[in-house]
>>> print(open('final-v2.cif').read())   # mmCIF, C-alpha atoms
data_start
loop_
_atom_site.label_atom_id
_atom_site.label_comp_id
_atom_site.auth_asym_id
_atom_site.auth_seq_id
_atom_site.Cartn_x
_atom_site.Cartn_y
_atom_site.Cartn_z
CA MET A 1 -32.15 9.16 12.37
CA LYS A 2 -35.35 8.97 10.38
CA VAL A 3 -35.11 7.36 6.97
CA PRO A 4 -36.12 9.79 4.20
CA ILE A 5 -38.66 8.42 1.75
CA LEU A 6 -38.46 9.98 -1.69
CA LYS A 7 -40.95 9.78 -4.50
CA GLN A 8 -39.44 9.14 -7.91
CA GLY A 9 -42.03 8.81 -10.66
CA ASN A 10 -44.24 5.90 -9.77
CA TYR A 11 -41.88 4.59 -7.12
CA LEU A 12 -41.04 5.27 -3.52
CA ILE A 13 -37.39 5.14 -2.56
CA ALA A 14 -36.41 4.70 1.09
CA SER A 15 -32.76 5.60 1.27
CA VAL A 16 -31.16 4.47 4.52
CA GLN A 17 -28.58 7.05 5.60
CA SER A 18 -27.04 5.49 8.69
CA SER A 19 -27.20 2.29 10.67
CA LEU A 20 -30.67 1.74 12.13
CA ASN A 21 -31.74 0.59 15.56
CA ASP A 22 -34.87 -1.49 16.11
CA ASN A 23 -37.15 1.47 16.71
CA GLU A 24 -35.97 3.24 13.60
CA LEU A 25 -36.63 0.10 11.59
CA LEU A 26 -40.20 -0.10 12.92
CA GLN A 27 -40.59 3.60 12.17
CA LEU A 28 -39.46 2.96 8.60
CA ARG A 29 -42.01 0.15 8.30
CA ASN A 30 -44.86 2.34 9.50
CA ASP A 31 -43.87 5.28 7.32
CA LEU A 32 -43.58 3.17 4.18
CA VAL A 33 -46.87 1.38 4.65
CA GLU A 34 -48.51 4.72 5.28
CA ARG A 35 -46.97 6.50 2.30
CA ILE A 36 -47.62 3.76 -0.22
CA SER A 37 -51.31 4.52 -0.52
CA THR A 38 -51.14 8.29 -0.20
CA VAL A 39 -48.90 8.57 -3.25
CA ARG A 40 -50.32 5.57 -5.14
CA ALA A 41 -46.83 4.19 -5.70
CA LYS A 42 -46.38 1.20 -8.02
CA GLY A 43 -43.26 -0.08 -6.33
CA VAL A 44 -40.91 0.47 -3.40
CA ILE A 45 -37.12 0.43 -3.27
CA ILE A 46 -35.21 0.22 0.00
CA ASP A 47 -31.57 1.20 -0.40
CA VAL A 48 -29.30 -0.29 2.27
CA THR A 49 -25.93 0.58 0.72
CA VAL A 50 -24.68 2.20 3.93
CA LEU A 51 -25.55 -0.73 6.19
CA ASP A 52 -22.56 -2.82 7.14
CA VAL A 53 -24.54 -5.10 9.46
CA MET A 54 -27.82 -6.86 8.85
CA ASP A 55 -29.11 -8.86 11.80
CA SER A 56 -32.05 -11.21 12.12
CA PHE A 57 -34.37 -8.50 13.37
CA ALA A 58 -33.61 -6.24 10.43
CA THR A 59 -34.08 -9.16 8.06
CA ARG A 60 -37.47 -9.97 9.54
CA ILE A 61 -38.69 -6.38 9.49
CA LEU A 62 -37.61 -6.00 5.87
CA GLN A 63 -39.53 -9.15 4.98
CA ASP A 64 -42.56 -7.81 6.88
CA ILE A 65 -42.36 -4.53 5.00
CA ALA A 66 -42.27 -6.39 1.68
CA GLN A 67 -45.30 -8.48 2.68
CA MET A 68 -47.29 -5.48 3.87
CA ILE A 69 -46.52 -3.46 0.79
CA ARG A 70 -47.44 -6.38 -1.41
CA LEU A 71 -50.80 -6.56 0.35
CA ARG A 72 -51.25 -2.91 -0.47
CA GLY A 73 -50.55 -3.64 -4.11
CA ALA A 74 -46.88 -2.96 -4.87
CA PRO A 75 -43.64 -4.95 -5.10
CA THR A 76 -40.56 -4.16 -2.97
CA VAL A 77 -36.91 -4.43 -3.98
CA LEU A 78 -33.98 -4.30 -1.57
CA VAL A 79 -30.91 -2.77 -3.19
CA GLY A 80 -27.26 -2.15 -2.34
CA ILE A 81 -26.47 -5.05 -0.01
CA GLN A 82 -22.69 -5.01 0.48
CA PRO A 83 -20.77 -8.16 -0.51
CA ASP A 84 -19.57 -8.63 3.08
CA VAL A 85 -23.10 -8.25 4.42
CA ALA A 86 -24.43 -10.75 1.88
CA PHE A 87 -21.77 -13.24 2.88
CA ALA A 88 -22.41 -12.75 6.58
CA MET A 89 -26.15 -13.18 6.04
CA VAL A 90 -25.74 -16.53 4.31
CA GLN A 91 -23.24 -17.63 6.94
CA LEU A 92 -25.81 -16.84 9.62
CA GLY A 93 -28.54 -18.58 7.66
CA LEU A 94 -30.62 -15.43 7.27
CA ASN A 95 -32.70 -15.21 4.15
CA LEU A 96 -35.01 -12.64 2.76
CA GLY A 97 -37.67 -15.06 1.61
CA ALA A 98 -39.66 -13.61 -1.23
CA LEU A 99 -38.11 -10.15 -0.94
CA LYS A 100 -36.41 -9.28 -4.20
CA THR A 101 -32.88 -7.92 -4.26
CA ALA A 102 -30.82 -5.99 -6.79
CA LEU A 103 -27.27 -4.72 -6.97
CA ASP A 104 -27.95 -0.99 -6.77
CA LEU A 105 -30.62 1.66 -7.23
CA GLU A 106 -30.38 1.58 -11.01
CA GLU A 107 -30.82 -2.17 -11.11
CA GLY A 108 -33.69 -1.98 -8.66
CA LEU A 109 -35.51 0.54 -10.83
CA ALA A 110 -34.96 -1.67 -13.88
CA LEU A 111 -36.33 -4.67 -11.98
CA LEU A 112 -39.47 -2.79 -10.96
CA ASP A 113 -39.98 -1.52 -14.52
CA LYS A 114 -39.76 -5.10 -15.78
CA ASP A 115 -42.17 -6.39 -13.13
CA ILE A 116 -44.75 -3.75 -13.90
CA LYS A 117 -44.47 -4.33 -17.63
CA GLU A 118 -45.01 -8.04 -17.10
CA LYS A 119 -48.06 -7.32 -14.97
CA GLU A 120 -49.52 -5.05 -17.63
CA VAL A 121 -49.00 -7.70 -20.30
CA ASN A 122 -50.87 -10.25 -18.22
CA MET B 1 36.31 -46.27 15.12
CA ALA B 2 35.13 -49.54 16.63
CA LYS B 3 37.71 -49.27 19.35
CA LYS B 4 36.57 -45.81 20.35
CA ASN B 5 33.02 -47.02 20.38
CA GLU B 6 33.80 -49.75 22.86
CA GLN B 7 35.59 -47.31 25.03
CA SER B 8 32.74 -44.85 25.16
CA GLU B 9 30.34 -47.61 26.06
CA GLU B 10 32.62 -48.76 28.82
CA ASN B 11 32.77 -45.25 30.13
CA THR B 12 29.09 -44.68 30.36
CA PRO B 13 28.38 -46.38 33.69
CA ASP B 14 31.38 -44.67 35.27
CA LEU B 15 30.21 -41.31 34.09
CA LYS B 16 26.82 -41.79 35.59
CA GLU B 17 28.19 -42.74 38.96
CA GLU B 18 30.69 -39.93 39.03
CA LYS B 19 28.46 -37.26 37.68
CA TYR B 20 27.21 -35.79 40.93
CA PRO B 21 30.32 -35.96 43.12
CA VAL B 22 32.63 -34.62 40.40
CA ILE B 23 30.66 -31.52 39.45
CA PRO B 24 29.72 -29.55 42.54
CA GLY B 25 27.30 -26.73 41.78
CA PRO B 26 27.30 -24.65 38.59
CA PRO B 27 30.95 -23.86 37.89
CA ASP B 28 30.39 -21.07 35.40
CA GLU B 29 33.95 -19.95 35.20
CA SER B 30 35.31 -23.41 34.76
CA THR B 31 32.67 -24.11 32.09
CA SER B 32 33.94 -21.17 30.08
CA THR B 33 37.57 -22.18 30.58
CA LEU B 34 36.68 -25.72 29.60
CA LEU B 35 34.90 -24.44 26.51
CA LYS B 36 37.96 -22.38 25.66
CA GLU B 37 40.12 -25.46 25.92
CA LEU B 38 37.60 -27.34 23.85
CA VAL B 39 37.54 -24.67 21.15
CA LYS B 40 41.33 -24.65 21.03
CA HIS B 41 41.31 -28.39 20.52
CA LEU B 42 38.67 -28.18 17.80
CA ARG B 43 40.62 -25.45 16.00
CA GLN B 44 43.82 -27.52 16.06
CA LYS B 45 42.11 -30.62 14.67
CA ARG B 46 40.02 -28.60 12.24
CA SER B 47 41.02 -30.18 8.95
CA GLY B 48 41.04 -33.77 10.22
CA LEU B 49 37.66 -33.56 11.94
CA ARG B 50 36.11 -31.70 9.07
CA GLN B 51 37.29 -34.36 6.66
CA GLU B 52 35.97 -37.13 8.86
CA TRP B 53 32.64 -35.38 9.16
CA ALA B 54 32.30 -34.92 5.40
CA GLU B 55 33.09 -38.60 4.92
CA ARG B 56 30.46 -39.62 7.42
CA ILE B 57 27.91 -37.40 5.73
CA GLN B 58 28.57 -39.19 2.48
CA LYS B 59 28.52 -42.59 4.12
CA ALA B 60 25.14 -41.82 5.63
CA GLU B 61 23.99 -40.73 2.15
CA PHE B 62 22.91 -37.32 3.28
CA LEU B 63 22.95 -34.34 0.89
CA THR B 64 22.93 -36.57 -2.19
CA ALA B 65 21.75 -33.57 -4.16
CA MET B 66 25.15 -31.91 -3.66
CA THR B 67 28.60 -32.72 -5.03
CA GLU B 68 31.48 -33.86 -2.84
CA LYS B 69 33.20 -30.51 -3.24
CA GLU B 70 30.10 -28.58 -2.24
CA ILE B 71 29.60 -30.76 0.79
CA LEU B 72 33.17 -30.12 1.93
CA ALA B 73 32.77 -26.36 1.39
CA GLU B 74 29.51 -26.23 3.35
CA ALA B 75 30.98 -28.53 5.98
CA THR B 76 33.87 -26.12 6.45
CA SER B 77 31.62 -23.13 7.00
CA ILE B 78 29.29 -25.05 9.30
CA TYR B 79 32.27 -26.30 11.25
CA ASP B 80 33.69 -22.81 11.69
CA ASN B 81 30.31 -21.40 12.66
CA TYR B 82 29.83 -24.27 15.05
CA VAL B 83 33.15 -23.69 16.79
CA GLU B 84 32.48 -19.98 16.91
CA ALA B 85 29.10 -20.55 18.53
CA LEU B 86 30.78 -22.79 21.11
CA GLU B 87 33.39 -20.12 21.76
CA THR B 88 31.19 -17.05 21.99
CA GLY B 89 28.05 -18.71 23.35
CA THR B 90 25.96 -16.54 21.01
CA TYR B 91 23.90 -18.15 18.31
CA GLU B 92 22.93 -15.14 16.21
CA ALA B 93 25.63 -15.68 13.58
CA LEU B 94 24.88 -19.39 13.45
CA ARG B 95 21.15 -18.74 13.14
CA ALA B 96 21.73 -16.30 10.28
CA TYR B 97 24.03 -18.80 8.61
CA ALA B 98 21.46 -21.60 9.06
CA ARG B 99 18.79 -19.45 7.44
CA ASP B 100 21.07 -18.56 4.57
CA LEU B 101 22.11 -22.19 4.11
CA SER B 102 18.47 -23.32 4.17
CA GLU B 103 17.58 -20.74 1.56
CA ARG B 104 20.26 -22.20 -0.71
CA ILE B 105 19.60 -25.90 -0.16
CA ILE B 106 15.81 -26.07 0.15
CA PRO B 107 15.26 -25.47 -3.58
CA ARG B 108 17.65 -28.38 -4.23
CA GLY B 109 15.39 -30.77 -2.38
CA VAL B 110 17.34 -31.24 0.85
CA GLU B 111 15.09 -32.78 3.49
CA THR B 112 14.75 -31.90 7.16
CA HIS B 113 16.12 -35.24 8.35
CA GLU B 114 19.29 -34.65 6.34
CA VAL B 115 19.99 -31.28 7.92
CA VAL B 116 19.27 -32.53 11.43
CA GLY B 117 21.30 -35.64 10.60
CA ILE B 118 24.44 -33.78 9.53
CA VAL B 119 24.42 -31.52 12.57
CA LEU B 120 24.03 -34.53 14.86
CA LEU B 121 26.85 -36.25 12.96
CA LEU B 122 29.10 -33.27 13.60
CA ARG B 123 28.19 -33.40 17.27
CA ASP B 124 29.11 -37.09 17.35
CA VAL B 125 32.38 -36.60 15.46
CA LEU B 126 33.45 -33.88 17.86
CA ALA B 127 32.37 -35.89 20.89
CA ARG B 128 34.40 -38.85 19.65
CA SER B 129 37.47 -36.69 19.26
CA LEU B 130 36.97 -35.47 22.82
CA PHE B 131 36.72 -39.05 24.03
CA SER B 132 39.98 -39.94 22.38
CA LYS B 133 41.75 -36.83 23.64
CA TYR B 134 40.71 -37.22 27.30
CA ARG B 135 40.56 -41.00 27.41
CA ASP B 136 43.03 -41.16 30.27
CA ASP B 137 41.30 -38.64 32.51
CA PHE B 138 37.67 -39.59 33.06
CA SER B 139 36.76 -36.79 35.42
CA LYS B 140 38.19 -34.21 33.03
CA LEU B 141 36.31 -35.82 30.15
CA ASN B 142 33.18 -35.71 32.22
CA ARG B 143 33.55 -32.00 32.91
CA ILE B 144 34.39 -31.27 29.31
CA LEU B 145 31.29 -33.13 28.16
CA ASP B 146 29.19 -31.29 30.69
CA ALA B 147 30.31 -28.05 29.12
CA TYR B 148 30.11 -29.35 25.57
CA GLU B 149 26.79 -31.19 25.53
CA PRO B 150 24.35 -28.35 26.36
CA ALA B 151 26.11 -26.03 23.92
CA ALA B 152 26.15 -28.67 21.19
CA ASN B 153 22.51 -29.50 21.72
CA ARG B 154 21.60 -25.87 21.52
CA ILE B 155 23.50 -25.54 18.29
CA ALA B 156 21.73 -28.56 16.79
CA ASN B 157 18.45 -27.10 17.93
CA THR B 158 19.23 -23.70 16.43
CA VAL B 159 20.15 -25.13 13.05
CA ALA B 160 17.14 -27.46 12.91
CA VAL B 161 14.72 -24.72 13.93
CA GLY B 162 16.28 -22.34 11.42
CA PHE B 163 15.85 -24.88 8.65
CA VAL B 164 12.26 -25.71 9.54
CA GLN B 165 11.35 -22.04 9.84
CA GLU B 166 12.81 -21.29 6.44
CA ARG B 167 10.93 -24.23 4.99
CA GLU B 168 7.68 -23.09 6.52
CA ARG B 169 8.27 -19.60 5.19
CA VAL B 170 8.75 -21.00 1.68
CA ILE B 171 5.61 -23.13 2.01
CA ARG B 172 3.55 -20.19 3.25
CA LYS B 173 4.76 -18.03 0.41
CA GLN B 174 3.87 -20.70 -2.13
CA GLN B 175 0.45 -21.23 -0.61
CA GLU B 176 -0.26 -17.53 -0.80
CA SER B 177 0.71 -17.30 -4.42
CA ILE B 178 -1.29 -20.40 -5.28
CA ARG B 179 -4.32 -18.88 -3.58
CA GLU B 180 -3.96 -15.64 -5.46
CA LEU B 181 -3.54 -17.42 -8.75
CA SER B 182 -6.27 -19.91 -8.24
CA THR B 183 -9.34 -17.71 -8.19
CA PRO B 184 -9.61 -15.59 -11.29
CA VAL B 185 -12.99 -13.99 -11.87
CA LEU B 186 -13.33 -13.20 -15.55
CA GLN B 187 -15.77 -11.01 -17.38
CA VAL B 188 -16.74 -12.52 -20.75
CA ARG B 189 -19.57 -10.20 -21.66
CA GLU B 190 -21.02 -7.13 -20.12
CA ARG B 191 -22.66 -8.24 -16.86
CA LEU B 192 -21.55 -11.87 -17.28
CA LEU B 193 -18.74 -13.30 -15.15
CA ILE B 194 -17.04 -16.67 -15.31
CA LEU B 195 -15.37 -18.29 -12.32
CA PRO B 196 -13.39 -21.35 -13.37
CA ILE B 197 -12.35 -23.41 -10.35
CA ILE B 198 -9.40 -25.77 -10.66
CA GLY B 199 -7.78 -28.01 -8.06
CA SER B 200 -8.85 -29.22 -4.70
CA MET B 201 -11.38 -27.34 -2.64
CA ASP B 202 -11.29 -26.91 1.10
CA ALA B 203 -13.47 -24.80 3.37
CA GLN B 204 -10.88 -22.01 3.53
CA ARG B 205 -10.58 -21.72 -0.22
CA ALA B 206 -14.35 -21.94 -0.72
CA LYS B 207 -14.84 -19.04 1.68
CA GLN B 208 -12.19 -16.95 -0.04
CA LEU B 209 -13.69 -17.74 -3.42
CA THR B 210 -17.13 -16.64 -2.35
CA GLU B 211 -15.78 -13.37 -0.99
CA GLN B 212 -13.84 -12.64 -4.17
CA LEU B 213 -16.82 -13.49 -6.33
CA LEU B 214 -19.11 -11.18 -4.35
CA GLN B 215 -16.63 -8.31 -4.66
CA ALA B 216 -16.33 -8.97 -8.39
CA ILE B 217 -20.12 -9.01 -8.83
CA ARG B 218 -20.31 -5.58 -7.29
CA ARG B 219 -17.29 -4.23 -9.17
CA ASN B 220 -18.45 -5.45 -12.58
CA ARG B 221 -22.16 -4.99 -11.90
CA ALA B 222 -22.69 -8.60 -12.93
CA LYS B 223 -26.12 -10.04 -13.50
CA VAL B 224 -25.17 -13.65 -14.24
CA VAL B 225 -22.22 -15.69 -13.00
CA VAL B 226 -21.11 -19.05 -14.40
CA ILE B 227 -19.14 -21.15 -11.92
CA ASP B 228 -17.31 -23.92 -13.75
CA ILE B 229 -16.10 -26.78 -11.58
CA THR B 230 -14.93 -29.15 -14.30
CA GLY B 231 -11.45 -28.94 -12.79
CA VAL B 232 -12.52 -30.00 -9.32
CA ALA B 233 -12.19 -33.75 -8.94
CA ALA B 234 -13.94 -34.19 -5.62
CA MET B 235 -15.41 -32.12 -2.88
CA ASP B 236 -16.92 -33.06 0.47
CA GLY B 237 -20.49 -32.24 1.37
CA LYS B 238 -19.64 -29.36 3.63
CA VAL B 239 -17.53 -27.61 1.04
CA ALA B 240 -20.12 -28.28 -1.65
CA ASN B 241 -22.79 -26.80 0.57
CA HIS B 242 -20.68 -23.73 1.15
CA LEU B 243 -19.46 -23.24 -2.38
CA LEU B 244 -22.71 -23.94 -4.17
CA VAL B 245 -25.59 -23.13 -1.86
CA LYS B 246 -24.12 -20.24 0.10
CA THR B 247 -22.44 -18.63 -2.88
CA VAL B 248 -25.67 -18.84 -4.85
CA ASP B 249 -27.64 -17.31 -1.96
CA ALA B 250 -25.18 -14.51 -1.35
CA SER B 251 -24.95 -13.71 -5.05
CA SER B 252 -28.71 -13.50 -5.35
CA LEU B 253 -28.72 -10.99 -2.51
CA LEU B 254 -26.60 -8.85 -4.80
CA GLY B 255 -29.06 -9.48 -7.60
CA ALA B 256 -26.93 -11.92 -9.59
CA ASN B 257 -27.96 -15.36 -10.87
CA VAL B 258 -25.48 -18.20 -10.59
CA ILE B 259 -25.19 -21.06 -13.05
CA VAL B 260 -23.03 -24.02 -12.04
CA THR B 261 -21.44 -26.06 -14.81
CA GLY B 262 -19.20 -29.11 -15.14
CA LEU B 263 -20.33 -31.09 -12.11
CA SER B 264 -18.50 -34.40 -12.14
CA ALA B 265 -20.27 -37.67 -11.44
CA GLU B 266 -18.58 -37.94 -8.03
CA ILE B 267 -19.62 -34.46 -6.99
CA ALA B 268 -23.16 -35.02 -8.20
CA GLN B 269 -23.31 -38.14 -6.04
CA THR B 270 -21.86 -36.31 -3.05
CA LEU B 271 -24.40 -33.53 -3.40
CA VAL B 272 -27.34 -35.90 -3.53
CA THR B 273 -26.20 -38.27 -0.81
CA THR B 274 -25.26 -35.54 1.65
CA GLY B 275 -28.61 -33.89 1.18
CA VAL B 276 -27.46 -30.47 -0.02
CA ASP B 277 -30.47 -28.31 -0.84
CA LEU B 278 -30.37 -28.26 -4.62
CA ALA B 279 -33.62 -26.45 -5.31
CA LYS B 280 -32.01 -23.07 -5.95
CA ILE B 281 -29.01 -24.22 -7.95
CA ILE B 282 -29.18 -23.90 -11.71
CA THR B 283 -26.83 -26.43 -13.27
CA VAL B 284 -25.83 -26.93 -16.89
CA GLY B 285 -23.70 -29.77 -18.21
CA ASP B 286 -20.66 -27.95 -19.51
CA LEU B 287 -19.17 -24.49 -19.68
CA GLN B 288 -20.39 -23.89 -23.22
CA GLY B 289 -23.96 -24.71 -22.23
CA GLY B 290 -23.59 -22.50 -19.16
CA ILE B 291 -22.45 -19.52 -21.19
CA GLU B 292 -25.27 -20.04 -23.70
CA GLU B 293 -27.79 -20.18 -20.87
CA ALA B 294 -26.31 -17.04 -19.33
CA GLU B 295 -26.48 -15.22 -22.65
CA ARG B 296 -30.13 -16.17 -22.95
CA LYS B 297 -30.78 -14.78 -19.50
CA LEU B 298 -29.04 -11.53 -20.42
CA GLY B 299 -30.96 -11.28 -23.68
CA TYR B 300 -28.07 -11.93 -26.05
CA ARG B 301 -28.58 -13.92 -29.20
CA VAL B 302 -25.41 -15.21 -30.79
CA GLN B 303 -25.75 -15.91 -34.48
CA LYS B 304 -23.41 -17.33 -37.05
CA MET B 305 -22.78 -15.05 -39.99
CA ASP B 306 -23.65 -16.19 -43.49
CA GLN B 307 -21.03 -16.77 -46.17
CA ASN B 308 -21.09 -13.26 -47.65
CA GLN B 309 -20.69 -11.49 -44.36
CA GLN B 310 -17.76 -13.72 -43.43
CA GLN B 311 -16.10 -12.98 -46.75
CA ASN B 312 -16.49 -9.25 -46.18
CA ILE B 313 -14.77 -9.44 -42.82
CA ILE B 314 -11.85 -11.50 -44.10
CA ASN B 315 -11.21 -9.07 -46.94
#
>>> encode(input="final-v2.cif", output="structure tokens")
Amino acid sequence: MKVPILKQGNYLIASVQSSLNDNELLQLRNDLVERISTVRAKGVIIDVTVLDVMDSFATRILQDIAQMIRLRGAPTVLVGIQPDVAFAMVQLGLNLGALKTALDLEEGLALLDKDIKEKEVN
Amino acid sequence: MAKKNEQSEENTPDLKEEKYPVIPGPPDESTSTLLKELVKHLRQKRSGLRQEWAERIQKAEFLTAMTEKEILAEATSIYDNYVEALETGTYEALRAYARDLSERIIPRGVETHEVVGIVLLLRDVLARSLFSKYRDDFSKLNRILDAYEPAANRIANTVAVGFVQERERVIRKQQESIRELSTPVLQVRERLLILPIIGSMDAQRAKQLTEQLLQAIRRNRAKVVVIDITGVAAMDGKVANHLLVKTVDASSLLGANVIVTGLSAEIAQTLVTTGVDLAKIITVGDLQGGIEEAERKLGYRVQKMDQNQQQNIIN
């Protein structure tokens, strides 16, 4: 199932609706990188609340997405990681590198707001 | 007593030699008739044997937690259950009684060796009485013992297993309640949780703690967590790695910062010498400092009121 990408103000929100296979993840990556410039978004949020598994491939693709979007001028925040998933990820030694995380959508939006404000101040 | 002892020792070689020729095949019927005879004998001598048994329990200094009267009362019921198990060949009633007895005596500090000891004493007392009854007829004694020994051993086994099972059940129950009690996650301000850890840490508890903390972060939408380990005396490198590094990582995936407070000198040394990756851990000396740091992170500023304001509140 394709991941819907919604525009909310200055941000893009990719809301994952069901578990994703590898192709769907790559599709998400391509869509996001494409959309970011057409809508001139200032930040991206990927909501993974529904995912109950996060494997190494998914972790790598998410990191790639964050890197690509950063190169196109916007920060990315991953929101809604389940406690069990977080625990499993650390147990497996997976880490998201520089990708920022937040508890839920609301927190993610607040984090982006803060980031952008800081950028403007500088 | 000494006389009987000699006799039984004298008998032993004879018994061994005679064992095979005297008992041909498995004489089921005769075993049950022998057991019947045995039970009749034990019923007749009930009070004498019971008394002797109770005396030997006291001499061996078993069940010191109980009074003489209690010992005799329990001895009577065990004796009756024992004879009944011999008679019927079923151990259900005995097993239930053993469980019930264990439930009563475990809280009084009766040890496993005492329970096994008293059952073995009873077996010996009864065996001695059989020796003295059939002293003139070795082959009969031999057959009687053949019937008696397996049953007696099974009884001893049943009682011991019942006791140990009950004990294990009690221990398991206590462990569970300790686990539940030992990991409170407390909210002290909006979005600020405290996790005080007290007692010894093992890998199992560390894992459980992490899981509970992650659930609590989500439930309370926490932004900062203070883990206070003042109450943990020592911790090995593996547990420290799990508790500190992994918990911090997992919490940050949920968007929460972790501050660790109250590291003891020993733990600090363990962490450094075992090479735990400390780069991501924020540590503060004590709980107070940790809470102050957390409040700063959350944007709180705690201020002492001036005299007038204080007066207003008191009035």
>>> closest_residue(input="final-v2.cif", among="A:Asp64, A:Phe57, A:Thr49, A:Asn122", to="chain B", atoms="only C-alpha atoms")
A:Thr49
>>> residues_around(input="final-v2.cif", residues="Ile155 in chain B", least_positions_apart="6", cutoff="8 Å", atoms="all atoms listed in the file", output="VMD selection string")
chain B and resid 82 85 91 94
>>> resolve_selection(input="final-v2.cif", expression="the PyMOL selection byres ((chain B) within 6 of (chain A))", output="PyMOL selection string")
chain B and resi 214-215+246+250+253-255
>>> resolve_selection(input="final-v2.cif", expression="the PyMOL selection byres ((chain A and resi 112) around 12)", output="VMD selection string")
chain A and resid 9 to 13 41 to 45 74 to 79 100 to 102 105 to 111 113 to 119
>>> atom_distance(input="final-v2.cif", atom1="CA of Val39 in chain B", atom2="CA of Asp137 in chain B")
18.4 Å
>>> resolve_selection(input="final-v2.cif", expression="the PyMOL selection byres ((chain B and resi 190) around 12)", output="PyMOL selection string")
chain B and resi 186-189+191-194+217+219-225+294-295+298-300
>>> residues_around(input="final-v2.cif", residues="Gly275 in chain B", least_positions_apart="5", cutoff="10 Å", atoms="all atoms listed in the file", output="list in words")
Gly237, Asn241, Gln269 and Thr270 of chain B
>>> residues_around(input="final-v2.cif", residues="Leu20 in chain A", least_positions_apart="4", cutoff="10 Å", atoms="all atoms listed in the file", output="ChimeraX atom specification")
/A:1-3,16,24-26,28,51,53-54,58
>>> atom_distance(input="final-v2.cif", atom1="CA of Met68 in chain A", atom2="CA of Val33 in chain A")
6.9 Å
>>> closest_residue(input="final-v2.cif", among="A:Ile46, A:Val121, A:Leu71, A:Leu62", to="Asp22 in chain A", atoms="only C-alpha atoms")
A:Leu62
>>> residues_around(input="final-v2.cif", residues="Val125 in chain B", least_positions_apart="3", cutoff="8 Å", atoms="all atoms listed in the file", output="PyMOL selection string")
chain B and resi 49+52-53+121-122+128-129
>>> atom_distance(input="final-v2.cif", atom1="CA of Ala279 in chain B", atom2="CA of Glu211 in chain B")
22.5 Å
>>> residues_around(input="final-v2.cif", residues="Val116 in chain B", least_positions_apart="4", cutoff="7 Å", atoms="all atoms listed in the file", output="ChimeraX atom specification")
/B:112,120,160
>>> closest_residue(input="final-v2.cif", among="B:Gly231, B:Gly48, B:Gly285, B:Pro107", to="Leu126 in chain B", atoms="all atoms listed in the file")
B:Gly48
>>> closest_residue(input="final-v2.cif", among="B:Glu84, B:Glu168, B:Asp277, B:Glu293", to="Asp249 in chain B", atoms="only C-alpha atoms")
B:Asp277
